[in-house]
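J.: For reference, the structure I am asking about is given below.
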Amino acid sequence: MARVAVQEADFDIGAEFAALTAGRTDIGGIGCFVGTVRAAASGPELTALTLEQYPGMTLKALRNIAAEAERRWHLLGCTVIHRHGTMRLGENIVLVLAASAHRHEALDATSFLIDWLKTRAPFWKKEHFADGSADWVAARATDDTAAARWDACPPGAGA
Amino acid sequence: MTAPASVTVLYFAWLRERVGRSEETVDLPADVRSVGALIAWLAGRDPAHATALAEANKIRCAVNQEFAGPDTPLKPGDEVAFFPPVTGG
């Protein structure tokens with residue numbers, strides 16, 4: 001059963017690793033993805049991001065995505081934590097951990113989880129700039145492409 | 001006689017800002033029984049709704065917290081949410 005959370009507070013990556021692996025001797029590898037707030041490459045200076053969620057549906061959607069990963073790969077543990085609220089540059093946004101006996105399952109499950117999360121979990125990013133302006137981030141076609149590459153992988157194919 | 005078919009409508013992100021509220025309860029006319037029909041009916045109510053709902057290709061929907069499309073049927077008591085394509089992660 002995956003640990004899934006939507007929360008305003010930051011998460012402790014070390015504590016999440018420890019909780020995932022406590023008492024286990026069957027885990028051979030853990031995939032990890034941490035999404036963070038990065039500075040804008042061009043244009044006005046970004047100072048913060050606000051993540052809006054759909055209370056109720058967002059947690060359910062994350063649980064469904066984690067359950068799908070557990071159907072597709074033999075996972076020995078899985079953690080998905082996504083923050084909401086306002087975050088400054090460099091702060092953590094999202095944590096994905098996937099533990100398995102072998103590295104390919106752990107790494108593939110981690111990629112799958114973040115790709116599906118980006119296109120299927122109801123979160124919306126608003127960017128805040130140094131000049132006081134703010135704007136909603138538009139969805140990117142490359143995220144749809146990244147998520148679609150998992151369509152060809154039938155449930156259980158990786159197990 | 002049937003009771004009014006009331007549904008709760010939620011708005012998120014820029015849809016919430018353009019409509020000017022995050023939630024409303026509306027009584028549906030008898031001929032409004034799908035997501036697509038609800039969008040058309042809401043857009044006809046006032047300029048704020050019309051502006052928010054103008055670009056159909058930029059609007060996603062959920063009914064009772066499951067992703068839905070224009071053909072998804074509606075029934076009294078449903079929770080309908082409108083929002084832009086998601087941008088989390």
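Chain labels follow the order of the structure tokens: the first chain is A, the next B, and so on; residue numbering restarts at 1 in every chain, and ligands are counted from 1 in their shown order.
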Chain B residues within 6 Å of chain A, counting only C-alpha atoms: which ones, as a list in words?

T.: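 Filtering chain B at 6 Å from chain A with only C-alpha atoms gives Gln65, Pro85, Val86, Thr87, Gly88 and Gly89 of chain B.
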
J.: Could you please take those selected residues and save C-alpha atoms as a PDB file, in the first residue's frame?

T.:
```pdb
ATOM      1  CA  GLN B  65     -14.233  14.041  -8.597  1.00  0.00           C
ATOM      2  CA  PRO B  85      -5.331  21.375 -17.950  1.00  0.00           C
ATOM      3  CA  VAL B  86      -3.348  20.311 -14.876  1.00  0.00           C
ATOM      4  CA  THR B  87       0.208  21.615 -14.246  1.00  0.00           C
ATOM      5  CA  GLY B  88       1.405  19.946 -11.037  1.00  0.00           C
ATOM      6  CA  GLY B  89       4.585  17.997 -10.380  1.00  0.00           C
TER       7      GLY B  89
END
```

J.: Which polymer residues have any atom within 12 Å of an atom of A:Glu105, counting only C-alpha atoms, with same-chain residues fewer than 6 positions away left out, as a PyMOL selection string?

T.: chain A and resi 27-31+69-78+97-99+111-113+156-159

J.: Among chain B, which residues carry a DSSP assignment of helix (DSSP H, G or I), reported as a PyMOL selection string?

T.: chain B and resi 13-19+35-43+47-52+56-58

J.: Since we have the selection now, will you write its residues out, keeping C-alpha atoms, as a CSV table (one decimal), in the first residue's frame?

T.:
```
chain,number,residue,atom,x,y,z
B,13,ALA,CA,-7.2,28.3,-11.1
B,14,TRP,CA,-7.8,30.9,-13.8
B,15,LEU,CA,-11.4,29.7,-14.2
B,16,ARG,CA,-12.1,30.5,-10.6
B,17,GLU,CA,-10.5,34.0,-11.1
B,18,ARG,CA,-12.5,34.7,-14.2
B,19,VAL,CA,-15.8,33.5,-12.9
B,35,VAL,CA,-21.4,18.6,-19.0
B,36,GLY,CA,-21.5,20.2,-22.5
B,37,ALA,CA,-25.0,21.5,-22.0
B,38,LEU,CA,-24.0,22.9,-18.6
B,39,ILE,CA,-21.1,24.8,-20.0
B,40,ALA,CA,-23.3,26.4,-22.7
B,41,TRP,CA,-26.0,27.3,-20.2
B,42,LEU,CA,-23.5,28.8,-17.7
B,43,ALA,CA,-21.8,30.8,-20.4
B,47,PRO,CA,-20.3,38.0,-19.0
B,48,ALA,CA,-17.9,36.6,-16.3
B,49,HIS,CA,-19.1,33.0,-17.0
B,50,ALA,CA,-19.0,33.6,-20.7
B,51,THR,CA,-15.4,34.8,-20.6
B,52,ALA,CA,-14.3,32.0,-18.3
B,56,ALA,CA,-13.6,25.0,-24.6
B,57,ASN,CA,-10.3,23.4,-25.6
B,58,LYS,CA,-8.6,24.9,-22.5
```

J.: For B:Asp71, which residue out of B:Asp27, B:Ser34, B:Asp46, B:Val9 is the nearest one, using only C-alpha atoms?

T.: B:Ser34

J.: To one decimal in Å, tell me the separation between atom CA of B:Val63 and atom CA of B:Phe82.

T.: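 So the two atoms, atom CA of B:Val63 and atom CA of B:Phe82, lie 9.1 Å apart.
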
J.: Applying 9 Å and only C-alpha atoms, which residues near B:Gly77 remain after dropping the ones on its own chain fewer than 4 positions away? List them as a ChimeraX atom specification.

T.: /B:5-8

J.: Restricted to N, CA and C atoms, what would the selected residues look like written as an mmCIF file, in the first residue's frame?

T.:
```cif
data_model
loop_
_atom_site.group_PDB
_atom_site.id
_atom_site.type_symbol
_atom_site.label_atom_id
_atom_site.label_comp_id
_atom_site.auth_asym_id
_atom_site.auth_seq_id
_atom_site.Cartn_x
_atom_site.Cartn_y
_atom_site.Cartn_z
ATOM 1 N N ALA B 5 -33.376 20.324 -10.188
ATOM 2 C CA ALA B 5 -32.154 19.526 -10.282
ATOM 3 C C ALA B 5 -30.981 20.430 -9.975
ATOM 4 N N SER B 6 -30.544 20.415 -8.726
ATOM 5 C CA SER B 6 -29.462 21.319 -8.362
ATOM 6 C C SER B 6 -28.131 20.576 -8.335
ATOM 7 N N VAL B 7 -27.102 21.219 -8.893
ATOM 8 C CA VAL B 7 -25.746 20.659 -8.854
ATOM 9 C C VAL B 7 -24.806 21.720 -8.273
ATOM 10 N N THR B 8 -23.726 21.244 -7.672
ATOM 11 C CA THR B 8 -22.678 22.132 -7.182
ATOM 12 C C THR B 8 -21.620 22.269 -8.263
#
```

J.: Assign secondary structure with DSSP using the backbone only, and return the residues of chain A in strand (DSSP E) as a VMD selection string.

T.: chain A and resid 3 to 7 29 to 36 46 to 53 77 to 83 85 to 88 92 to 100 123 to 129 134 to 136

J.: What is the atom CA of B:Phe67-atom CA of B:Tyr11 distance in Å, reported with one decimal?

T.: 14.0 Å

J.: Please measure the separation of atom CA of B:Cys61 and atom CA of B:Ala81, giving the value in Å to one decimal.

T.: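 Computing it gives 5.5 Å between the two atoms.
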
J.: For B:Asp31, which residue out of B:Leu74, B:Arg45, B:Ile59, B:Glu66 is the nearest one, using only C-alpha atoms?

T.: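 Closest to B:Asp31, using only C-alpha atoms: B:Leu74.
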